[in-house]
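Undergrad: Before we start, here is the structure in question, set down as structure tokens.
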Amino acid sequence: MKPFREHTGVVAPLDRSNVDTDQIIPKQFLKRIERTGYGEFLFYDWRYTPEGKPQPDFLLNKPEYSGASILVAEKNFGCGSSREHAAWALLDYGFRVVIAPTFADIFHTNAGNNGILLVKLSEAQVDDLLQRAKRTPGYKLHVSLVDKIVKDDQGFSAKFDIDDFRRTCLLEGLDEIGLTLKHDAEIAAFEQLRAERAW
């Protein structure tokens with residue numbers, strides 16, 4: 001997993017609450033076993049018409065949000081089913097940070113395990129960011145996990161909290177497998193000892 005320390009990127013303002021995982025990545029695209037290749041289907045039902053043409057009004061089809069890597073949304077982002085593919089689709093599209101007032105629990109875990117930083121800010125702060133991103137084409141934020149702060153170059157600044165375990169995993173680029181492999185030497189020593197003992 002790629003470590004996360006600091007990130008600066010264009011903000012996409014998704015002015016919606018209760019964005020569920022079936023909207024993030026619809027079920028008909030869950031046929032791959034790899035973690036990659038889902039980005040083109042991200043928000044598919046909102047991005048495309050039933051004929052498969054881009055919806056001109058959807059934010060990710062607008063040139064001012066081209067290359068966005070920070071998504072700002074309303075409360076309860078990532079609700080619905082527990083599919084990890086939702087985090088894979090966001091990451092594969094290019095999002096490294098999602099900012100919202102609240103997140104669904106399982107999505108919160110899946111995002112962290114895949115290197116996406118979730119930042120909880122107050123509803124008022126999120127509304128402020130949504131308005132700034134809508135009125136300023138190419139609006140950018142700087143997010144520092146080191147200092148636990150979100151800021152822009154226009155005066156917005158907000159501190160955020162994150163639990164120490166998740167912060168350490170993101171800073172060091174450790175998912176659950178990586179955490180286990182940190183103890184490879186101890187595991188090997190235990191296995192050696194077990195093989196030598198008569199049980």
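By convention here, the chains of the structure tokens are called A, B, ... in the order presented, each chain's residues are numbered starting at 1, and ligands are numbered starting at 1 in the order presented.
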Using only C-alpha atoms, which protein or nucleic acid residues come within 9 Å of Ser17 (chain A)? Drop anything in the same chain fewer than 3 positions from it, and give the result as a ChimeraX atom specification.

TA: /A:14,20,73-77

Undergrad: Store the residues of this selection in a file with N, CA and C atoms, as an mmCIF file, in the first residue's frame.

TA:
data_model
loop_
_atom_site.group_PDB
_atom_site.id
_atom_site.type_symbol
_atom_site.label_atom_id
_atom_site.label_comp_id
_atom_site.auth_asym_id
_atom_site.auth_seq_id
_atom_site.Cartn_x
_atom_site.Cartn_y
_atom_site.Cartn_z
ATOM 1 N N LEU A 14 -19.195 16.613 -4.320
ATOM 2 C CA LEU A 14 -20.347 15.728 -4.500
ATOM 3 C C LEU A 14 -21.377 16.101 -3.436
ATOM 4 N N ASP A 20 -24.374 5.571 -1.271
ATOM 5 C CA ASP A 20 -24.125 4.177 -0.904
ATOM 6 C C ASP A 20 -23.146 3.517 -1.866
ATOM 7 N N ALA A 73 -18.085 15.242 0.189
ATOM 8 C CA ALA A 73 -19.485 14.810 0.114
ATOM 9 C C ALA A 73 -20.190 15.114 1.427
ATOM 10 N N GLU A 74 -21.503 14.963 1.404
ATOM 11 C CA GLU A 74 -22.301 15.187 2.613
ATOM 12 C C GLU A 74 -22.229 13.951 3.521
ATOM 13 N N LYS A 75 -23.046 13.932 4.565
ATOM 14 C CA LYS A 75 -22.929 12.908 5.615
ATOM 15 C C LYS A 75 -23.307 11.504 5.140
ATOM 16 N N ASN A 76 -22.789 10.525 5.885
ATOM 17 C CA ASN A 76 -23.064 9.096 5.693
ATOM 18 C C ASN A 76 -22.550 8.595 4.348
ATOM 19 N N PHE A 77 -21.364 9.010 3.976
ATOM 20 C CA PHE A 77 -20.759 8.537 2.719
ATOM 21 C C PHE A 77 -20.323 7.081 2.892
#

Undergrad: Tell me which protein, DNA and RNA residues are within 12 Å of Trp88 (chain A), counting only C-alpha atoms, leaving out same-chain ones fewer than 5 positions away, and put them as a list in words.

TA: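 With the cut-off at 12 Å, the set is Thr21, Ile24, Ile25, Phe29, Leu30, Arg32, Ile33, Glu34, Arg35, Thr36, Gly37, Tyr38, Gly39, Glu40, Phe41, Leu42, Arg83, Tyr93, Gly94, Phe95, Arg96, Phe107, Asn110, Ala111, Gly112, Asn113, Asn114, Gly115 and Ile116 of chain A.
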
Undergrad: As a list in words, please: all residues of region 49-136 of chain A that backbone DSSP puts in strand (DSSP E or B).

TA: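 Listing strand (DSSP E or B) positions across region 49-136 of chain A yields Pro54, Ile70, Leu71, Val72, Ala73, Phe77, Cys79, Val97, Val98, Ile99, Ala100, Phe103, Leu117, Leu118, Val119 and Lys120 of chain A.
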
Undergrad: To one decimal place, how far is CA of Tyr44 (chain A) from CA of Gln23 (chain A) in Å?

TA: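 Separation between CA of Tyr44 (chain A) and CA of Gln23 (chain A): 7.3 Å.
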
Undergrad: Based on the backbone DSSP call, show me all residues of region 33-190 of chain A assigned helix (DSSP H, G or I), as number ranges by chain.

TA: A: 39-41, 44-47, 59-61, 63-65, 85-93, 105-113, 123-135, 164-172, 176-181, 184-190

Undergrad: Convert the current residue selection to file output with C-alpha atoms, as a PDB file, in the first residue's frame.

TA:
ATOM      1  CA  GLY A  39     -12.210   3.519 -11.846  1.00  0.00           C
ATOM      2  CA  GLU A  40     -13.934   3.743 -15.204  1.00  0.00           C
ATOM      3  CA  PHE A  41     -17.136   2.447 -13.548  1.00  0.00           C
ATOM      4  CA  TYR A  44     -21.466   4.764 -13.299  1.00  0.00           C
ATOM      5  CA  ASP A  45     -25.223   5.330 -12.978  1.00  0.00           C
ATOM      6  CA  TRP A  46     -24.633   9.032 -12.309  1.00  0.00           C
ATOM      7  CA  ARG A  47     -21.795   9.506 -14.805  1.00  0.00           C
ATOM      8  CA  LEU A  59     -19.384  16.683 -11.716  1.00  0.00           C
ATOM      9  CA  LEU A  60     -16.774  14.145 -12.847  1.00  0.00           C
ATOM     10  CA  ASN A  61     -17.691  14.872 -16.475  1.00  0.00           C
ATOM     11  CA  PRO A  63     -13.646  19.955 -17.120  1.00  0.00           C
ATOM     12  CA  GLU A  64     -13.194  22.014 -13.921  1.00  0.00           C
ATOM     13  CA  TYR A  65     -13.024  18.791 -11.903  1.00  0.00           C
ATOM     14  CA  HIS A  85     -14.811  -2.614  -4.440  1.00  0.00           C
ATOM     15  CA  ALA A  86     -16.137   0.851  -3.530  1.00  0.00           C
ATOM     16  CA  ALA A  87     -12.767   1.790  -2.058  1.00  0.00           C
ATOM     17  CA  TRP A  88     -10.973   0.152  -4.998  1.00  0.00           C
ATOM     18  CA  ALA A  89     -13.048   2.176  -7.494  1.00  0.00           C
ATOM     19  CA  LEU A  90     -12.347   5.483  -5.739  1.00  0.00           C
ATOM     20  CA  LEU A  91      -8.635   4.747  -5.545  1.00  0.00           C
ATOM     21  CA  ASP A  92      -8.437   3.465  -9.123  1.00  0.00           C
ATOM     22  CA  TYR A  93     -10.141   6.644 -10.348  1.00  0.00           C
ATOM     23  CA  ASP A 105     -18.266   2.047   9.461  1.00  0.00           C
ATOM     24  CA  ILE A 106     -17.339  -0.754   7.043  1.00  0.00           C
ATOM     25  CA  PHE A 107     -16.507   1.688   4.265  1.00  0.00           C
ATOM     26  CA  HIS A 108     -14.303   3.543   6.745  1.00  0.00           C
ATOM     27  CA  THR A 109     -12.298   0.363   7.375  1.00  0.00           C
ATOM     28  CA  ASN A 110     -12.127  -0.600   3.693  1.00  0.00           C
ATOM     29  CA  ALA A 111     -10.915   2.845   2.656  1.00  0.00           C
ATOM     30  CA  GLY A 112      -8.175   2.877   5.260  1.00  0.00           C
ATOM     31  CA  ASN A 113      -7.020  -0.614   4.304  1.00  0.00           C
ATOM     32  CA  GLU A 123     -21.305  19.829   8.358  1.00  0.00           C
ATOM     33  CA  ALA A 124     -20.633  23.582   8.308  1.00  0.00           C
ATOM     34  CA  GLN A 125     -17.002  23.056   7.232  1.00  0.00           C
ATOM     35  CA  VAL A 126     -18.047  20.564   4.543  1.00  0.00           C
ATOM     36  CA  ASP A 127     -20.719  22.961   3.254  1.00  0.00           C
ATOM     37  CA  ASP A 128     -18.071  25.686   3.114  1.00  0.00           C
ATOM     38  CA  LEU A 129     -15.750  23.428   1.076  1.00  0.00           C
ATOM     39  CA  LEU A 130     -18.567  22.398  -1.273  1.00  0.00           C
ATOM     40  CA  GLN A 131     -19.351  26.047  -2.010  1.00  0.00           C
ATOM     41  CA  ARG A 132     -15.696  26.943  -2.507  1.00  0.00           C
ATOM     42  CA  ALA A 133     -15.211  24.041  -4.942  1.00  0.00           C
ATOM     43  CA  LYS A 134     -18.358  24.961  -6.887  1.00  0.00           C
ATOM     44  CA  ARG A 135     -17.485  28.621  -7.364  1.00  0.00           C
ATOM     45  CA  ASP A 164      -3.599   6.586  16.102  1.00  0.00           C
ATOM     46  CA  PHE A 165      -3.740   3.053  14.665  1.00  0.00           C
ATOM     47  CA  ARG A 166      -5.254   4.154  11.334  1.00  0.00           C
ATOM     48  CA  ARG A 167      -2.918   7.149  11.128  1.00  0.00           C
ATOM     49  CA  THR A 168       0.171   4.974  11.658  1.00  0.00           C
ATOM     50  CA  CYS A 169      -0.977   2.430   9.052  1.00  0.00           C
ATOM     51  CA  LEU A 170      -1.541   5.170   6.457  1.00  0.00           C
ATOM     52  CA  LEU A 171       1.724   6.962   7.237  1.00  0.00           C
ATOM     53  CA  GLU A 172       3.685   3.712   6.916  1.00  0.00           C
ATOM     54  CA  GLU A 176      -3.427  -5.913   7.284  1.00  0.00           C
ATOM     55  CA  ILE A 177      -0.930  -8.069   5.376  1.00  0.00           C
ATOM     56  CA  GLY A 178       1.785  -5.471   5.789  1.00  0.00           C
ATOM     57  CA  LEU A 179       1.112  -5.315   9.523  1.00  0.00           C
ATOM     58  CA  THR A 180       1.531  -9.079   9.767  1.00  0.00           C
ATOM     59  CA  LEU A 181       4.731  -9.030   7.722  1.00  0.00           C
ATOM     60  CA  ASP A 184       7.932 -11.856  10.018  1.00  0.00           C
ATOM     61  CA  ALA A 185      11.063 -12.463  12.111  1.00  0.00           C
ATOM     62  CA  GLU A 186       9.056 -13.250  15.263  1.00  0.00           C
ATOM     63  CA  ILE A 187       6.720 -15.539  13.313  1.00  0.00           C
ATOM     64  CA  ALA A 188       9.687 -17.398  11.787  1.00  0.00           C
ATOM     65  CA  ALA A 189      11.329 -17.739  15.222  1.00  0.00           C
ATOM     66  CA  PHE A 190       8.124 -19.130  16.695  1.00  0.00           C
TER      67      PHE A 190
END

Undergrad: With only C-alpha atoms as the counted atoms, please give the residues lying no more than 10 Å from Gly9 (chain A), apart from itself and same-chain residues fewer than 5 positions off, as JSON, numbers by chain.

TA: {"A": [67, 68, 69, 70, 71, 95, 96, 97, 138, 139, 140, 141, 142, 143]}

Undergrad: I need the residues from that last selection saved to file as an mmCIF file, in the first residue's frame (with N, CA and C atoms), if you can.

TA:
data_model
loop_
_atom_site.group_PDB
_atom_site.id
_atom_site.type_symbol
_atom_site.label_atom_id
_atom_site.label_comp_id
_atom_site.auth_asym_id
_atom_site.auth_seq_id
_atom_site.Cartn_x
_atom_site.Cartn_y
_atom_site.Cartn_z
ATOM 1 N N GLY A 67 -9.267 15.362 -13.245
ATOM 2 C CA GLY A 67 -8.107 15.007 -12.435
ATOM 3 C C GLY A 67 -8.303 15.180 -10.951
ATOM 4 N N ALA A 68 -9.543 15.351 -10.504
ATOM 5 C CA ALA A 68 -9.793 15.537 -9.065
ATOM 6 C C ALA A 68 -9.292 14.336 -8.280
ATOM 7 N N SER A 69 -8.678 14.623 -7.134
ATOM 8 C CA SER A 69 -8.173 13.542 -6.279
ATOM 9 C C SER A 69 -8.672 13.667 -4.843
ATOM 10 N N ILE A 70 -9.480 14.700 -4.591
ATOM 11 C CA ILE A 70 -10.101 14.877 -3.280
ATOM 12 C C ILE A 70 -11.603 15.019 -3.495
ATOM 13 N N LEU A 71 -12.370 14.146 -2.864
ATOM 14 C CA LEU A 71 -13.824 14.160 -2.991
ATOM 15 C C LEU A 71 -14.424 14.694 -1.701
ATOM 16 N N PHE A 95 -8.849 9.108 -6.520
ATOM 17 C CA PHE A 95 -9.129 9.793 -5.256
ATOM 18 C C PHE A 95 -8.231 9.250 -4.152
ATOM 19 N N ARG A 96 -7.544 10.150 -3.450
ATOM 20 C CA ARG A 96 -6.707 9.772 -2.293
ATOM 21 C C ARG A 96 -7.336 10.215 -0.974
ATOM 22 N N VAL A 97 -8.272 11.179 -1.058
ATOM 23 C CA VAL A 97 -8.897 11.717 0.152
ATOM 24 C C VAL A 97 -10.392 11.872 -0.089
ATOM 25 N N GLY A 138 -11.116 24.398 -10.576
ATOM 26 C CA GLY A 138 -9.788 23.900 -10.223
ATOM 27 C C GLY A 138 -9.419 24.098 -8.768
ATOM 28 N N TYR A 139 -10.418 24.312 -7.913
ATOM 29 C CA TYR A 139 -10.174 24.551 -6.486
ATOM 30 C C TYR A 139 -9.370 23.398 -5.873
ATOM 31 N N LYS A 140 -8.314 23.751 -5.143
ATOM 32 C CA LYS A 140 -7.439 22.740 -4.555
ATOM 33 C C LYS A 140 -7.406 22.838 -3.035
ATOM 34 N N LEU A 141 -7.183 21.677 -2.420
ATOM 35 C CA LEU A 141 -6.950 21.598 -0.979
ATOM 36 C C LEU A 141 -5.621 20.908 -0.734
ATOM 37 N N HIS A 142 -5.009 21.262 0.385
ATOM 38 C CA HIS A 142 -3.825 20.560 0.853
ATOM 39 C C HIS A 142 -4.228 19.806 2.124
ATOM 40 N N VAL A 143 -3.967 18.509 2.136
ATOM 41 C CA VAL A 143 -4.323 17.676 3.279
ATOM 42 C C VAL A 143 -3.039 17.068 3.833
#

Undergrad: Between A:Asp22, A:Leu145, A:Pro50, A:Thr136, single out the one closest to Glu84 (chain A), counting only C-alpha atoms.

TA: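 Nearest candidate to Glu84 (chain A) out of A:Asp22, A:Leu145, A:Pro50, A:Thr136: A:Asp22.
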
Undergrad: Nearest residue to Arg16 (chain A) out of A:Asp153, A:Gln192, A:Val72, A:Ile162, using only C-alpha atoms?

TA: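 For Arg16 (chain A), the nearest of the given residues is A:Val72.
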
Undergrad: Find the residues around Tyr48 (chain A) up to 10 Å (only C-alpha atoms counted), leave out those fewer than 6 positions away in its own chain, and share them as a VMD selection string.

TA: chain A and resid 41 54 to 58 61

Undergrad: May I have the selected residues written with C-alpha atoms, as a PDB file, in the first residue's frame?

TA:
ATOM      1  CA  PHE A  41     -17.136   2.447 -13.548  1.00  0.00           C
ATOM      2  CA  PRO A  54     -21.428  10.795 -20.354  1.00  0.00           C
ATOM      3  CA  GLN A  55     -23.986  12.775 -18.337  1.00  0.00           C
ATOM      4  CA  PRO A  56     -22.844  16.367 -18.939  1.00  0.00           C
ATOM      5  CA  ASP A  57     -24.247  17.584 -15.618  1.00  0.00           C
ATOM      6  CA  PHE A  58     -22.381  15.098 -13.414  1.00  0.00           C
ATOM      7  CA  ASN A  61     -17.691  14.872 -16.475  1.00  0.00           C
TER       8      ASN A  61
END

Undergrad: Would you list the contacts of Lys159 (chain A) as JSON, numbers by chain, taking every protein, DNA or RNA residue within 9 Å and counting only C-alpha atoms, but skipping same-chain residues closer than 5 positions in sequence?

TA: {"A": [121, 147, 148, 149, 150, 151]}

Undergrad: Write a file of the selected residues as a tab-separated table (two decimals), in the first residue's frame, keeping N, CA and C atoms.

TA:
chain	number	residue	atom	x	y	z
A	121	LEU	N	-15.08	16.25	8.87
A	121	LEU	CA	-15.19	17.65	9.27
A	121	LEU	C	-16.64	17.93	9.62
A	147	ASP	N	0.26	16.58	10.05
A	147	ASP	CA	-0.21	17.65	10.95
A	147	ASP	C	-1.71	17.58	11.24
A	148	LYS	N	-2.41	16.65	10.58
A	148	LYS	CA	-3.86	16.47	10.73
A	148	LYS	C	-4.60	17.79	10.46
A	149	ILE	N	-4.36	18.30	9.25
A	149	ILE	CA	-4.99	19.58	8.88
A	149	ILE	C	-5.37	19.58	7.40
A	150	VAL	N	-6.47	20.26	7.11
A	150	VAL	CA	-6.92	20.51	5.74
A	150	VAL	C	-6.91	22.01	5.54
A	151	LYS	N	-6.31	22.48	4.43
A	151	LYS	CA	-6.29	23.92	4.21
A	151	LYS	C	-6.21	24.23	2.73

Undergrad: As an exercise, work out the distance from CA of Phe160 (chain A) to CA of Thr8 (chain A) in Å and give it to one decimal place.

TA: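 Rounded to one decimal, the two atoms are 16.1 Å apart.
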
Undergrad: Just checking: using only C-alpha atoms, which residue out of A:Asn18, A:Gln28, A:Thr102, A:Ser157 ends up closest to Cys79 (chain A)?

TA: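 Of A:Asn18, A:Gln28, A:Thr102, A:Ser157, the one nearest Cys79 (chain A) is A:Asn18, counting only C-alpha atoms.
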